[in-house]
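Below: work04.cif (mmCIF, C-alpha atoms)
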```cif
data_run
loop_
_atom_site.label_atom_id
_atom_site.label_comp_id
_atom_site.auth_asym_id
_atom_site.auth_seq_id
_atom_site.Cartn_x
_atom_site.Cartn_y
_atom_site.Cartn_z
CA GLU A 47 -33.08 42.59 -17.23
CA ALA A 48 -30.67 39.85 -18.32
CA GLN A 49 -28.67 41.17 -21.21
CA VAL A 50 -25.44 41.54 -23.10
CA THR A 51 -24.48 45.16 -23.68
CA GLN A 52 -22.14 46.25 -26.44
CA ASN A 53 -20.73 49.70 -27.07
CA PRO A 54 -20.49 51.54 -29.31
CA ARG A 55 -23.41 50.47 -31.48
CA TYR A 56 -22.06 52.39 -34.45
CA LEU A 57 -18.55 53.58 -35.14
CA ILE A 58 -16.76 55.07 -38.10
CA THR A 59 -13.01 55.22 -37.75
CA VAL A 60 -9.89 55.48 -39.89
CA THR A 61 -7.22 52.95 -40.71
CA GLY A 62 -4.73 52.46 -37.91
CA LYS A 63 -6.63 54.20 -35.12
CA LYS A 64 -6.89 51.79 -32.21
CA LEU A 65 -10.36 51.10 -30.94
CA THR A 66 -12.10 48.96 -28.37
CA VAL A 67 -15.60 47.55 -28.51
CA THR A 68 -16.84 46.80 -25.01
CA CYS A 69 -19.05 43.89 -24.06
CA SER A 70 -20.64 43.32 -20.68
CA GLN A 71 -23.10 40.70 -19.43
CA ASN A 72 -25.10 40.66 -16.21
CA MET A 73 -26.00 36.97 -16.11
CA ASN A 74 -22.86 35.59 -14.43
CA HIS A 75 -22.12 33.62 -17.60
CA GLU A 76 -18.81 31.81 -17.85
CA TYR A 77 -18.65 31.70 -21.64
CA MET A 78 -18.33 34.77 -23.84
CA SER A 79 -17.60 35.09 -27.52
CA TRP A 80 -17.13 37.60 -30.32
CA TYR A 81 -18.47 37.12 -33.85
CA ARG A 82 -18.33 39.15 -36.99
CA GLN A 83 -21.12 39.05 -39.55
CA ASP A 84 -20.46 39.77 -43.21
CA PRO A 85 -22.87 39.41 -46.16
CA GLY A 86 -22.75 35.91 -47.59
CA LEU A 87 -20.40 34.67 -44.88
CA GLY A 88 -22.73 34.33 -41.90
CA LEU A 89 -21.36 34.63 -38.39
CA ARG A 90 -17.72 33.80 -37.89
CA GLN A 91 -16.16 33.46 -34.49
CA ILE A 92 -13.27 35.79 -33.69
CA TYR A 93 -12.33 34.89 -30.12
CA TYR A 94 -13.99 33.18 -27.22
CA SER A 95 -13.47 32.84 -23.49
CA MET A 96 -14.48 29.89 -21.37
CA ASN A 97 -13.85 31.71 -18.12
CA VAL A 98 -11.87 34.53 -16.54
CA GLU A 99 -8.32 34.70 -17.88
CA VAL A 100 -9.06 31.92 -20.40
CA THR A 101 -9.33 33.02 -24.03
CA ASP A 102 -8.87 31.22 -27.31
CA LYS A 103 -8.86 31.97 -31.01
CA GLY A 104 -11.88 31.37 -33.15
CA ASP A 105 -11.96 31.09 -36.92
CA VAL A 106 -10.92 34.66 -37.81
CA PRO A 107 -8.71 36.06 -35.00
CA GLU A 108 -6.21 38.00 -37.15
CA GLY A 109 -6.14 41.70 -36.34
CA TYR A 110 -8.05 41.35 -33.07
CA LYS A 111 -7.20 41.03 -29.40
CA VAL A 112 -9.36 40.24 -26.40
CA SER A 113 -9.01 40.05 -22.65
CA ARG A 114 -11.13 38.58 -19.86
CA LYS A 115 -10.01 40.09 -16.59
CA GLU A 116 -13.48 40.03 -15.06
CA LYS A 117 -16.27 37.56 -15.58
CA ARG A 118 -18.75 40.14 -16.84
CA ASN A 119 -16.55 41.95 -19.38
CA PHE A 120 -15.00 40.79 -22.65
CA PRO A 121 -13.71 43.71 -24.72
CA LEU A 122 -12.66 43.35 -28.36
CA ILE A 123 -9.59 45.38 -29.31
CA LEU A 124 -8.58 46.37 -32.81
CA GLU A 125 -5.00 47.59 -32.41
CA SER A 126 -4.65 48.87 -35.98
CA PRO A 127 -7.97 48.63 -37.79
CA SER A 128 -8.02 48.07 -41.54
CA PRO A 129 -10.88 48.43 -44.05
CA ASN A 130 -11.33 44.64 -44.20
CA GLN A 131 -12.44 44.81 -40.58
CA THR A 132 -15.50 46.80 -41.58
CA SER A 133 -18.26 44.54 -40.34
CA LEU A 134 -21.11 43.96 -37.93
CA TYR A 135 -19.82 42.61 -34.64
CA PHE A 136 -21.71 40.61 -32.06
CA CYS A 137 -20.79 39.71 -28.53
CA ALA A 138 -22.56 36.72 -26.99
CA SER A 139 -22.53 34.83 -23.73
CA SER A 140 -23.85 31.60 -22.25
CA LEU A 141 -23.82 29.80 -18.94
CA SER A 142 -20.89 27.64 -20.00
CA TRP A 143 -19.09 26.65 -23.16
CA GLU A 144 -20.91 23.35 -23.72
CA GLY A 145 -22.95 23.28 -26.89
CA ALA A 146 -26.18 22.70 -25.00
CA ASN A 147 -26.20 26.23 -23.74
CA VAL A 148 -28.16 28.92 -25.53
CA LEU A 149 -26.23 32.02 -26.48
CA THR A 150 -27.52 35.45 -25.51
CA PHE A 151 -26.42 38.05 -28.02
CA GLY A 152 -25.73 41.72 -27.73
CA ALA A 153 -27.45 44.14 -30.11
CA GLY A 154 -24.47 44.34 -32.44
CA SER A 155 -21.85 46.98 -33.24
CA ARG A 156 -21.59 48.31 -36.78
CA LEU A 157 -17.97 49.24 -37.47
CA THR A 158 -16.75 51.07 -40.56
CA VAL A 159 -13.02 51.51 -41.13
CA LEU A 160 -12.13 54.11 -43.79
CA ALA B 203 -13.95 20.27 -38.26
CA GLN B 204 -17.59 21.09 -37.86
CA THR B 205 -19.42 22.64 -40.79
CA VAL B 206 -22.94 23.93 -41.18
CA THR B 207 -24.40 24.46 -44.65
CA GLN B 208 -27.49 26.44 -45.56
CA SER B 209 -27.97 25.92 -49.27
CA GLN B 210 -30.70 28.53 -49.76
CA PRO B 211 -29.33 32.10 -49.55
CA GLU B 212 -32.81 33.53 -50.07
CA MET B 213 -36.37 32.29 -49.88
CA SER B 214 -39.81 33.80 -50.02
CA VAL B 215 -43.22 32.71 -48.81
CA GLN B 216 -46.74 34.01 -49.06
CA GLU B 217 -48.34 35.17 -45.85
CA ALA B 218 -50.20 32.31 -44.11
CA GLU B 219 -48.33 29.68 -46.13
CA THR B 220 -45.69 27.21 -44.95
CA VAL B 221 -42.00 27.39 -45.75
CA THR B 222 -39.08 25.08 -44.98
CA LEU B 223 -35.50 26.27 -44.58
CA SER B 224 -32.77 23.71 -45.13
CA CYS B 225 -29.69 23.04 -43.06
CA THR B 226 -27.12 20.27 -43.17
CA TYR B 227 -24.17 19.83 -40.87
CA ASP B 228 -21.13 17.70 -40.43
CA THR B 229 -19.69 16.70 -37.08
CA SER B 230 -17.80 13.79 -35.59
CA GLU B 231 -19.41 14.29 -32.20
CA SER B 232 -22.06 11.89 -31.00
CA ASP B 233 -23.62 14.28 -28.51
CA TYR B 234 -24.44 17.72 -29.87
CA TYR B 235 -27.10 20.36 -30.18
CA LEU B 236 -28.67 22.17 -33.09
CA PHE B 237 -30.18 25.63 -33.14
CA TRP B 238 -32.07 28.00 -35.37
CA TYR B 239 -31.59 31.70 -34.72
CA LYS B 240 -33.61 34.51 -36.28
CA GLN B 241 -32.18 37.93 -37.09
CA PRO B 242 -34.90 40.47 -37.98
CA PRO B 243 -34.08 43.88 -39.48
CA SER B 244 -33.35 45.12 -35.95
CA ARG B 245 -30.22 42.88 -36.15
CA GLN B 246 -30.95 41.30 -32.77
CA MET B 247 -30.20 37.56 -32.74
CA ILE B 248 -33.12 35.62 -31.33
CA LEU B 249 -33.26 31.91 -30.55
CA VAL B 250 -36.07 30.22 -32.49
CA ILE B 251 -35.68 26.58 -31.57
CA ARG B 252 -33.21 24.07 -30.14
CA GLN B 253 -32.83 20.33 -30.74
CA GLU B 254 -30.83 17.84 -28.72
CA ALA B 255 -29.25 15.26 -31.02
CA TYR B 256 -29.96 12.41 -28.61
CA LYS B 257 -33.70 13.11 -28.80
CA GLN B 258 -35.51 11.50 -31.70
CA GLN B 259 -38.58 13.67 -31.27
CA ASN B 260 -38.53 16.81 -33.38
CA ALA B 261 -38.61 20.05 -31.43
CA THR B 262 -41.55 22.41 -31.89
CA GLU B 263 -42.17 25.96 -30.75
CA ASN B 264 -45.58 27.29 -31.69
CA ARG B 265 -45.53 27.78 -35.48
CA PHE B 266 -41.91 26.68 -35.74
CA SER B 267 -40.87 23.06 -35.97
CA VAL B 268 -37.85 21.14 -37.13
CA ASN B 269 -37.31 18.02 -39.18
CA PHE B 270 -34.24 16.43 -37.63
CA GLN B 271 -32.75 13.57 -39.62
CA LYS B 272 -29.71 12.47 -37.62
CA ALA B 273 -28.42 9.89 -40.07
CA ALA B 274 -28.61 12.36 -42.92
CA LYS B 275 -27.24 15.17 -40.72
CA SER B 276 -30.12 17.37 -41.74
CA PHE B 277 -31.94 19.91 -39.60
CA SER B 278 -34.60 21.86 -41.49
CA LEU B 279 -36.87 24.53 -40.03
CA LYS B 280 -40.55 24.63 -40.93
CA ILE B 281 -42.52 27.82 -40.40
CA SER B 282 -46.26 27.36 -40.56
CA ASP B 283 -48.86 30.09 -41.11
CA SER B 284 -46.10 32.55 -42.05
CA GLN B 285 -46.51 36.09 -40.79
CA LEU B 286 -44.97 39.36 -41.93
CA GLY B 287 -42.96 39.41 -38.70
CA ASP B 288 -41.22 36.20 -39.74
CA ALA B 289 -39.27 38.11 -42.40
CA ALA B 290 -35.66 37.86 -41.26
CA MET B 291 -32.31 36.19 -41.75
CA TYR B 292 -32.30 32.70 -40.28
CA PHE B 293 -29.13 31.00 -39.10
CA CYS B 294 -28.66 27.33 -38.39
CA ALA B 295 -26.00 26.44 -35.82
CA GLN B 296 -24.45 23.33 -34.33
CA GLY B 297 -22.56 22.95 -31.06
CA GLY B 298 -21.30 20.24 -28.77
CA ASN B 299 -17.88 19.88 -27.21
CA THR B 300 -16.60 22.69 -29.40
CA PRO B 301 -17.85 26.25 -29.83
CA LEU B 302 -21.00 26.85 -31.83
CA VAL B 303 -20.63 26.93 -35.62
CA PHE B 304 -23.10 28.91 -37.73
CA GLY B 305 -24.27 28.52 -41.30
CA LYS B 306 -24.20 31.45 -43.71
CA GLY B 307 -27.87 32.17 -43.29
CA THR B 308 -31.07 32.19 -45.32
CA ARG B 309 -32.90 35.45 -45.89
CA LEU B 310 -36.65 34.88 -45.72
CA SER B 311 -39.09 37.33 -47.29
CA VAL B 312 -42.79 37.18 -46.50
CA ILE B 313 -45.15 38.42 -49.19
CA ALA B 314 -48.42 39.96 -48.13
#
```
Starting from the coordinates I provided, produce the structure as structure tokens.
Amino acid sequence: EAQVTQNPRYLITVTGKKLTVTCSQNMNHEYMSWYRQDPGLGLRQIYYSMNVEVTDKGDVPEGYKVSRKEKRNFPLILESPSPNQTSLYFCASSLSWEGANVLTFGAGSRLTVL
Amino acid sequence: AQTVTQSQPEMSVQEAETVTLSCTYDTSESDYYLFWYKQPPSRQMILVIRQEAYKQQNATENRFSVNFQKAAKSFSLKISDSQLGDAAMYFCAQGGNTPLVFGKGTRLSVIA
């Protein structure tokens, strides 16, 4: 089944404890992206990647890191999480970066930082 | 910069009735695409409908249709014969030569 898989789905952590949210897609998509969803703010893009080894900042990159060493994987790293990073996170992918392409989303990861 | 505005944070509709969700956008691109995504309580993001800006004909998908007014930069979603399963958050999005930009969403409630 074509899908985007995120893990963990739920995580409660404490301020400053590094964590990684993994994202993997099995559709050979070039484009991958991370979003955070907060009430009243919609989905905001954190980082995106147009292809392997090519990443770029989205609208809210502060406090996050990403890497794209393989086409299928695009992990999101929070080096020193803070409470304002408590949010619902989505990974998404599409065939390429052009706006015509439909995004396939992962199921979301609910992160709470205490 | 691209912006997408959904002016209705919440809406409600009676079952079997019709509801229209509003979306306006701003872009300097001439070739772009518009989307409506649905997010039910399961949180999964599901594509509802897609519109190519170069096509004058409004896209339709079963009970879902859009009213695309290019000059006005308006892209509303009409849901006909509303069903309980339509209750969800709906996001409008616009993309072209830059990454997709989403609106803040409209939460739709369906009243039985």
Hits of the PyMOL selection byres ((chain B) within 8 of (chain A)) in this structure, as a compact mmCIF listing (two decimals) with C-alpha atoms, in the frame of the given file:
```txt
# COMPACT_ATOMS: atom_id res chain seq x y z
CA PRO B 211 -29.33 32.10 -49.55
CA TYR B 234 -24.44 17.72 -29.87
CA TYR B 235 -27.10 20.36 -30.18
CA ARG B 245 -30.22 42.88 -36.15
CA GLN B 246 -30.95 41.30 -32.77
CA MET B 247 -30.20 37.56 -32.74
CA ILE B 248 -33.12 35.62 -31.33
CA LEU B 249 -33.26 31.91 -30.55
CA GLU B 254 -30.83 17.84 -28.72
CA PHE B 293 -29.13 31.00 -39.10
CA GLN B 296 -24.45 23.33 -34.33
CA GLY B 297 -22.56 22.95 -31.06
CA GLY B 298 -21.30 20.24 -28.77
CA ASN B 299 -17.88 19.88 -27.21
CA THR B 300 -16.60 22.69 -29.40
CA PRO B 301 -17.85 26.25 -29.83
CA LEU B 302 -21.00 26.85 -31.83
CA VAL B 303 -20.63 26.93 -35.62
CA PHE B 304 -23.10 28.91 -37.73
CA GLY B 305 -24.27 28.52 -41.30
CA LYS B 306 -24.20 31.45 -43.71
CA GLY B 307 -27.87 32.17 -43.29
```
Interatomic distance (Å, one decimal) between atom CA of B:Val206 and atom CA of A:Leu124: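 For atom CA of B:Val206 relative to atom CA of A:Leu124, the distance reads 27.9 Å.
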Separation of atom CA of B:Asp228 and atom CA of B:Gln259, in Å?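 Interatomic distance, atom CA of B:Asp228 to atom CA of B:Gln259: 20.1 Å.
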Quick one: which residues end up in the PyMOL selection byres ((chain B and resi 221) around 10) for this structure, as number ranges by chain? B: 213-216, 218-220, 222-224, 279-284, 310, 312
Choose the residue, out of B:Ala273, B:Ala255, B:Ala203, B:Ala290, that has the smallest atom-to-atom separation from B:Gln241; count all atoms listed in the file.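 Distance minimum relative to B:Gln241 lands on B:Ala290.
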List the residues matched by the PyMOL selection byres ((chain B and resi 226) around 9) in the displayed structure as a PyMOL selection string, ordered by chain and then by residue number. chain B and resi 205-209+224-225+227-228+274-278+294+305
Counting all atoms listed in the file, find residues at most 9 Å from (-17.1, 39.5, -30.4) (file frame) and give them as a PyMOL selection string. chain A and resi 67+69+78-82+91-94+112+120-122+135-138
Selection to disk with C-alpha atoms, as an mmCIF file, in the frame of the given file:
```
data_model
loop_
_atom_site.group_PDB
_atom_site.id
_atom_site.type_symbol
_atom_site.label_atom_id
_atom_site.label_comp_id
_atom_site.auth_asym_id
_atom_site.auth_seq_id
_atom_site.Cartn_x
_atom_site.Cartn_y
_atom_site.Cartn_z
ATOM 1 C CA VAL A 67 -15.600 47.550 -28.510
ATOM 2 C CA CYS A 69 -19.050 43.890 -24.060
ATOM 3 C CA MET A 78 -18.330 34.770 -23.840
ATOM 4 C CA SER A 79 -17.600 35.090 -27.520
ATOM 5 C CA TRP A 80 -17.130 37.600 -30.320
ATOM 6 C CA TYR A 81 -18.470 37.120 -33.850
ATOM 7 C CA ARG A 82 -18.330 39.150 -36.990
ATOM 8 C CA GLN A 91 -16.160 33.460 -34.490
ATOM 9 C CA ILE A 92 -13.270 35.790 -33.690
ATOM 10 C CA TYR A 93 -12.330 34.890 -30.120
ATOM 11 C CA TYR A 94 -13.990 33.180 -27.220
ATOM 12 C CA VAL A 112 -9.360 40.240 -26.400
ATOM 13 C CA PHE A 120 -15.000 40.790 -22.650
ATOM 14 C CA PRO A 121 -13.710 43.710 -24.720
ATOM 15 C CA LEU A 122 -12.660 43.350 -28.360
ATOM 16 C CA TYR A 135 -19.820 42.610 -34.640
ATOM 17 C CA PHE A 136 -21.710 40.610 -32.060
ATOM 18 C CA CYS A 137 -20.790 39.710 -28.530
ATOM 19 C CA ALA A 138 -22.560 36.720 -26.990
#
```
Check the smallest atom-to-atom distance from each of B:Leu236, B:Gly287, B:Ile251, B:Glu217 to B:Gln271 using all atoms listed in the file, then report the winner.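 Counting all atoms listed in the file, the residue closest to B:Gln271 is B:Leu236.
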In Å, how far is it from atom CA of B:Phe237 to atom CA of A:Arg156?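 Distance between the two atoms: 24.5 Å.
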Best match for closeness to A:Glu125 among A:Tyr110, A:Glu47, A:Ser140, A:Ile58, counting only C-alpha atoms: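 Of the candidates, the smallest distance to A:Glu125 is held by A:Tyr110.
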So which residues touch stretch 114-116 of chain A within 9 Å, counting all atoms listed in the file, skipping near sequence neighbours fewer than 5 positions away, as a tab-separated table (two decimals) with C-alpha atoms, in the frame of the given file?
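What landed in result.tsv:
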```tsv
chain	number	residue	atom	x	y	z
A	95	SER	CA	-13.47	32.84	-23.49
A	97	ASN	CA	-13.85	31.71	-18.12
A	98	VAL	CA	-11.87	34.53	-16.54
A	99	GLU	CA	-8.32	34.70	-17.88
A	100	VAL	CA	-9.06	31.92	-20.40
A	101	THR	CA	-9.33	33.02	-24.03
A	121	PRO	CA	-13.71	43.71	-24.72
```
Find the spatial neighbours of A:Ala48, counting all atoms listed in the file, within a cut-off of 8 Å - ignore same-chain residues fewer than 4 positions away - and output them as a list in words. Gln71, Asn72 and Met73 of chain A
Nearest residue to B:Tyr256 from the set B:Ala289, B:Ser244, B:Ser232, B:Asn269 (distances using all atoms listed in the file): B:Ser232
Polymer residues at most 9 Å from A:Leu157, only C-alpha atoms, same-chain spacing of 3 or more positions, as a list in words: Pro54, Arg55, Tyr56, Leu57, Ile58, Thr59, Gln131, Thr132, Ser133, Leu134 and Tyr135 of chain A
Save the residues we just selected, C-alpha atoms, as a PDB file, in the coordinates of the input?
```
ATOM      1  CA  PRO A  54     -20.490  51.540 -29.310  1.00  0.00           C
ATOM      2  CA  ARG A  55     -23.410  50.470 -31.480  1.00  0.00           C
ATOM      3  CA  TYR A  56     -22.060  52.390 -34.450  1.00  0.00           C
ATOM      4  CA  LEU A  57     -18.550  53.580 -35.140  1.00  0.00           C
ATOM      5  CA  ILE A  58     -16.760  55.070 -38.100  1.00  0.00           C
ATOM      6  CA  THR A  59     -13.010  55.220 -37.750  1.00  0.00           C
ATOM      7  CA  GLN A 131     -12.440  44.810 -40.580  1.00  0.00           C
ATOM      8  CA  THR A 132     -15.500  46.800 -41.580  1.00  0.00           C
ATOM      9  CA  SER A 133     -18.260  44.540 -40.340  1.00  0.00           C
ATOM     10  CA  LEU A 134     -21.110  43.960 -37.930  1.00  0.00           C
ATOM     11  CA  TYR A 135     -19.820  42.610 -34.640  1.00  0.00           C
TER      12      TYR A 135
END
```
From the options A:Glu108, A:Thr158, A:Asn119, A:Gln49, which residue's atoms come nearest to A:Thr68, counting all atoms listed in the file?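 Closest candidate: A:Asn119.
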